[in-house]
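Following: one structure in C-alpha cells, then a few remarks.
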Amino acid sequence: MQGAASTLWKLLVRSQPRRLCSFRKIQPTPQYQPCVPCFTYTTDTQSNRENKRTVEALYKLSVDIRKIRRLKGWVLLEDKTYIEEIANLLQQLGAKETAIASILERCPEAIVCSPAAVDTERKLWQLVCKNEEELIRLIEQFPESFFAVKDQENRKLNVQFFQELGLKNVIISRFLTTASNIFHNPVEKNKQMIKTLQESYLSLGGSEANMKVWLLKLLSQNPFILLNSPAVIKETLRFLQEQDFTDFEILHLLSKLKGFLFQLCPKSVQNSISFAKNAFGCTDHDLKQLVVKCPALLYYPVPVLEERLQGLLKEGISITQIRDTPMVLELTPQIVQYRIRKLNSLGYRIKDGHLANLNGTKKEFEANFGKIQAKNKRPLFNPVAPLNVEE
C-alpha cells in the first residue's frame, strides 16, 4: 500500500544537522561523554583551541577537516581521541582509505569512541552480519548507527531475542541501521509488547498456526510498533470495536496498515471517519466498506483527505468514481496530475472511465500504462496473415 505504509516508514531516517553559521563567540569545551552528539560554533578562536594531534592525524587520513568543523566541531576540542585505532579497526574489516575518510567525515564522533567499545559493537553487529564484507558495507552506509556505542549489553539481549523470535538476520541488521531505537527498549518491554500483539491477534480471530508468520511480517514492515505500550494497543482495538468494526475487519486493517494503526490518535481517526462519511454521503455500513478497501481513510488527517479529494474533483473525477476506487486517495495531488497527463497523452480520458489505471504503486501504474500504450499501437490486422487478393 503506497500511502500509509511508505510515508511513515520514511520517518525512521535520521535527519542531518544543518550547517551552522559562524559567530564571533567562543563556545566552552563541551562536557559530554564520547559518542554523544553536541554542537559548537565555528570560529577562528576555536581552531586555535583544537587538539593539534587530532587535526594532524585526520589530515594524514585525507579527512576534510572543514566538514568536521561544520558538522561536529566539538570532537576536535577533545583531549583524548582514538583516530589511529578506529582507522585500523575499519581497515581490518576491509575498509579502503577513501571509505575510512568518508566515515570519519560523516560521523566525526567515531574518533572519541574507545577502541574497546567499538570492538564490542563490532561483535554485536557480527551476530547478524554473515561476514566482515557485509559489516563494513553497513558501517559505510550507516556510520552513525554503528558508532552509537551505548547500552550495548541490553542491545545484545534484544538482538538475541529477535533471533529467537524467528526474525532473519538481514531484517535485524536493517533494524540496527534504520530503527535503532527499538534496541534501547529494555528487552523485557519488547517481550511484553510481542506478547500483547500475539494475544491481540488471537483475540481478533487469528489462528495459532498463522500467528508467527503474521507477527514476523508485521515487525519486518514496521518495527516501530515496539515503541508503543500495551495500553495503546488495547485502547486502539477497543476504539475500533466501538466504531462497530468486526474482529475480522480490524485484523484486516491492522495487517494492511502494517501496525501503524496503533500510532493513530482515536480523536484524529474519528474526525477522518466523519469527514469521509460526509464527503461521500454514505451510511455507516457503506463507510466501513470504504475503510476496509482503503485503510488510509483512517490514517490521513482531515486536511490531507480534503486536499486529495479536491485535487481529484478538479481533474474532473466524480465522487462516484472515487467511492468505487477509494485507494486513489493514497496518491498526492502531484502524482494524480502527473499520471493523468501521461494517460491523456495516449488519448485515455480518466474521467470517462474507471480509476483502476490511475491507481496503484508507481510500478503498478507504469505496468498498466505500458499495456494501454501497447494496445494503442497494436495493428488492426495481422501482418503475417495471407491476404485473399483476386488476380
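Here, A, B, ... name the chains of the C-alpha cells in the order displayed, residue numbers run from 1 inside each chain, and ligands are numbered from 1 in the same displayed order.
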Would you list the contacts of region 91-100 of chain A as an MDAnalysis selection string, taking every protein, DNA or RNA residue within 10 Å and counting only C-alpha atoms, but skipping same-chain residues closer than 3 positions in sequence?
chainID A and resid 61:63 85:88 103:105 122 131:137 139:141
Residues within 12 Å of Thr246 (chain A), please, as a ChimeraX atom specification. Count only C-alpha atoms; anything in the same chain fewer than 4 positions from it doesn't count.
/A:203-205,237-242,250-253,285,288-289,292
I need the chosen residues saved as a short mmCIF file (atom, residue, chain, number, x, y, z; two decimals), in the first residue's frame, with all heavy atoms.
```
data_model
loop_
_atom_site.label_atom_id
_atom_site.label_comp_id
_atom_site.auth_asym_id
_atom_site.auth_seq_id
_atom_site.Cartn_x
_atom_site.Cartn_y
_atom_site.Cartn_z
N SER A 203 -7.17 -12.84 19.86
CA SER A 203 -8.48 -12.36 20.31
C SER A 203 -9.32 -11.84 19.15
O SER A 203 -10.55 -11.81 19.22
CB SER A 203 -8.32 -11.25 21.36
OG SER A 203 -7.80 -10.08 20.77
N LEU A 204 -8.66 -11.44 18.03
CA LEU A 204 -9.38 -10.95 16.85
C LEU A 204 -9.74 -12.08 15.89
O LEU A 204 -10.25 -11.83 14.80
CB LEU A 204 -8.53 -9.90 16.13
CG LEU A 204 -8.32 -8.58 16.87
CD1 LEU A 204 -7.31 -7.72 16.15
CD2 LEU A 204 -9.64 -7.84 17.05
N GLY A 205 -9.47 -13.30 16.30
CA GLY A 205 -9.85 -14.44 15.48
C GLY A 205 -8.73 -15.04 14.66
O GLY A 205 -8.96 -15.94 13.85
N LEU A 237 -7.63 -0.94 19.75
CA LEU A 237 -8.54 -2.03 19.38
C LEU A 237 -9.93 -1.78 19.95
O LEU A 237 -10.95 -2.01 19.28
CB LEU A 237 -7.99 -3.37 19.89
CG LEU A 237 -6.67 -3.83 19.26
CD1 LEU A 237 -6.24 -5.16 19.86
CD2 LEU A 237 -6.79 -3.95 17.75
N ARG A 238 -9.98 -1.30 21.19
CA ARG A 238 -11.28 -1.01 21.82
C ARG A 238 -12.01 0.11 21.06
O ARG A 238 -13.22 0.03 20.83
CB ARG A 238 -11.07 -0.62 23.28
CG ARG A 238 -12.35 -0.39 24.06
CD ARG A 238 -12.10 -0.34 25.56
NE ARG A 238 -11.11 0.66 25.93
CZ ARG A 238 -9.88 0.38 26.36
NH1 ARG A 238 -9.50 -0.89 26.49
NH2 ARG A 238 -9.05 1.34 26.69
N PHE A 239 -11.27 1.12 20.61
CA PHE A 239 -11.87 2.22 19.87
C PHE A 239 -12.48 1.73 18.55
O PHE A 239 -13.60 2.11 18.20
CB PHE A 239 -10.81 3.30 19.58
CG PHE A 239 -11.25 4.34 18.59
CD1 PHE A 239 -12.12 5.35 18.97
CD2 PHE A 239 -10.81 4.30 17.27
CE1 PHE A 239 -12.54 6.31 18.05
CE2 PHE A 239 -11.22 5.26 16.36
CZ PHE A 239 -12.08 6.26 16.75
N LEU A 240 -11.76 0.88 17.83
CA LEU A 240 -12.27 0.38 16.56
C LEU A 240 -13.49 -0.51 16.77
O LEU A 240 -14.43 -0.49 15.96
CB LEU A 240 -11.17 -0.39 15.83
CG LEU A 240 -10.00 0.46 15.31
CD1 LEU A 240 -8.90 -0.42 14.75
CD2 LEU A 240 -10.48 1.45 14.25
N GLN A 241 -13.51 -1.27 17.84
CA GLN A 241 -14.68 -2.09 18.14
C GLN A 241 -15.88 -1.21 18.47
O GLN A 241 -17.02 -1.54 18.10
CB GLN A 241 -14.36 -3.03 19.31
CG GLN A 241 -13.39 -4.16 18.91
CD GLN A 241 -12.84 -4.91 20.12
OE1 GLN A 241 -12.83 -4.40 21.25
NE2 GLN A 241 -12.35 -6.12 19.89
N GLU A 242 -15.63 -0.07 19.10
CA GLU A 242 -16.72 0.86 19.39
C GLU A 242 -17.27 1.51 18.12
O GLU A 242 -18.40 2.00 18.11
CB GLU A 242 -16.23 1.95 20.35
CG GLU A 242 -15.95 1.44 21.77
CD GLU A 242 -15.27 2.49 22.64
OE1 GLU A 242 -14.91 3.57 22.09
OE2 GLU A 242 -15.08 2.23 23.84
N ILE A 250 -11.05 -5.54 11.76
CA ILE A 250 -9.95 -4.91 12.50
C ILE A 250 -8.62 -5.62 12.19
O ILE A 250 -7.59 -4.97 12.00
CB ILE A 250 -10.23 -4.93 14.01
CG1 ILE A 250 -11.44 -4.05 14.33
CG2 ILE A 250 -9.01 -4.45 14.79
CD1 ILE A 250 -11.89 -4.13 15.78
N LEU A 251 -8.67 -6.94 12.13
CA LEU A 251 -7.46 -7.70 11.81
C LEU A 251 -6.98 -7.37 10.40
O LEU A 251 -5.78 -7.24 10.14
CB LEU A 251 -7.75 -9.20 11.92
CG LEU A 251 -6.54 -10.14 11.89
CD1 LEU A 251 -5.58 -9.81 13.02
CD2 LEU A 251 -7.00 -11.59 12.00
N HIS A 252 -7.93 -7.18 9.49
CA HIS A 252 -7.60 -6.80 8.12
C HIS A 252 -6.93 -5.42 8.10
O HIS A 252 -5.91 -5.22 7.43
CB HIS A 252 -8.87 -6.78 7.26
CG HIS A 252 -8.67 -6.19 5.89
ND1 HIS A 252 -8.08 -6.90 4.86
CD2 HIS A 252 -8.96 -4.96 5.39
CE1 HIS A 252 -8.03 -6.13 3.78
NE2 HIS A 252 -8.56 -4.95 4.08
N LEU A 253 -7.51 -4.46 8.85
CA LEU A 253 -6.95 -3.11 8.90
C LEU A 253 -5.56 -3.12 9.51
O LEU A 253 -4.65 -2.42 9.05
CB LEU A 253 -7.87 -2.20 9.71
CG LEU A 253 -9.24 -1.89 9.10
CD1 LEU A 253 -10.09 -1.11 10.10
CD2 LEU A 253 -9.09 -1.10 7.81
N HIS A 285 -22.56 1.64 7.31
CA HIS A 285 -22.17 0.36 6.72
C HIS A 285 -21.32 0.58 5.47
O HIS A 285 -20.28 -0.07 5.28
CB HIS A 285 -23.41 -0.47 6.38
CG HIS A 285 -23.07 -1.78 5.72
ND1 HIS A 285 -23.01 -1.92 4.34
CD2 HIS A 285 -22.78 -3.00 6.25
CE1 HIS A 285 -22.69 -3.17 4.05
NE2 HIS A 285 -22.55 -3.85 5.19
N LYS A 288 -17.82 1.76 6.36
CA LYS A 288 -16.93 0.68 6.81
C LYS A 288 -16.35 -0.06 5.62
O LYS A 288 -15.17 -0.45 5.62
CB LYS A 288 -17.69 -0.29 7.72
CG LYS A 288 -17.94 0.23 9.11
CD LYS A 288 -18.12 -0.90 10.11
CE LYS A 288 -19.19 -1.89 9.69
NZ LYS A 288 -19.28 -3.01 10.63
N GLN A 289 -17.16 -0.28 4.60
CA GLN A 289 -16.67 -0.97 3.41
C GLN A 289 -15.59 -0.14 2.70
O GLN A 289 -14.61 -0.68 2.19
CB GLN A 289 -17.83 -1.26 2.44
CG GLN A 289 -18.92 -2.14 3.03
CD GLN A 289 -18.36 -3.41 3.67
OE1 GLN A 289 -17.61 -4.15 3.04
NE2 GLN A 289 -18.73 -3.64 4.92
N VAL A 292 -12.39 -0.46 4.78
CA VAL A 292 -11.77 -1.77 4.58
C VAL A 292 -11.03 -1.82 3.25
O VAL A 292 -9.94 -2.39 3.14
CB VAL A 292 -12.84 -2.89 4.66
CG1 VAL A 292 -12.25 -4.23 4.21
CG2 VAL A 292 -13.38 -3.01 6.08
#
```
Mind checking DSSP for region 100-172 of chain A and telling me the alpha helix (DSSP H) residues as a count of residues only?
51
Just how far from CA of Ser200 (chain A) is CA of Thr177 (chain A), in Å to one decimal?
28.6 Å
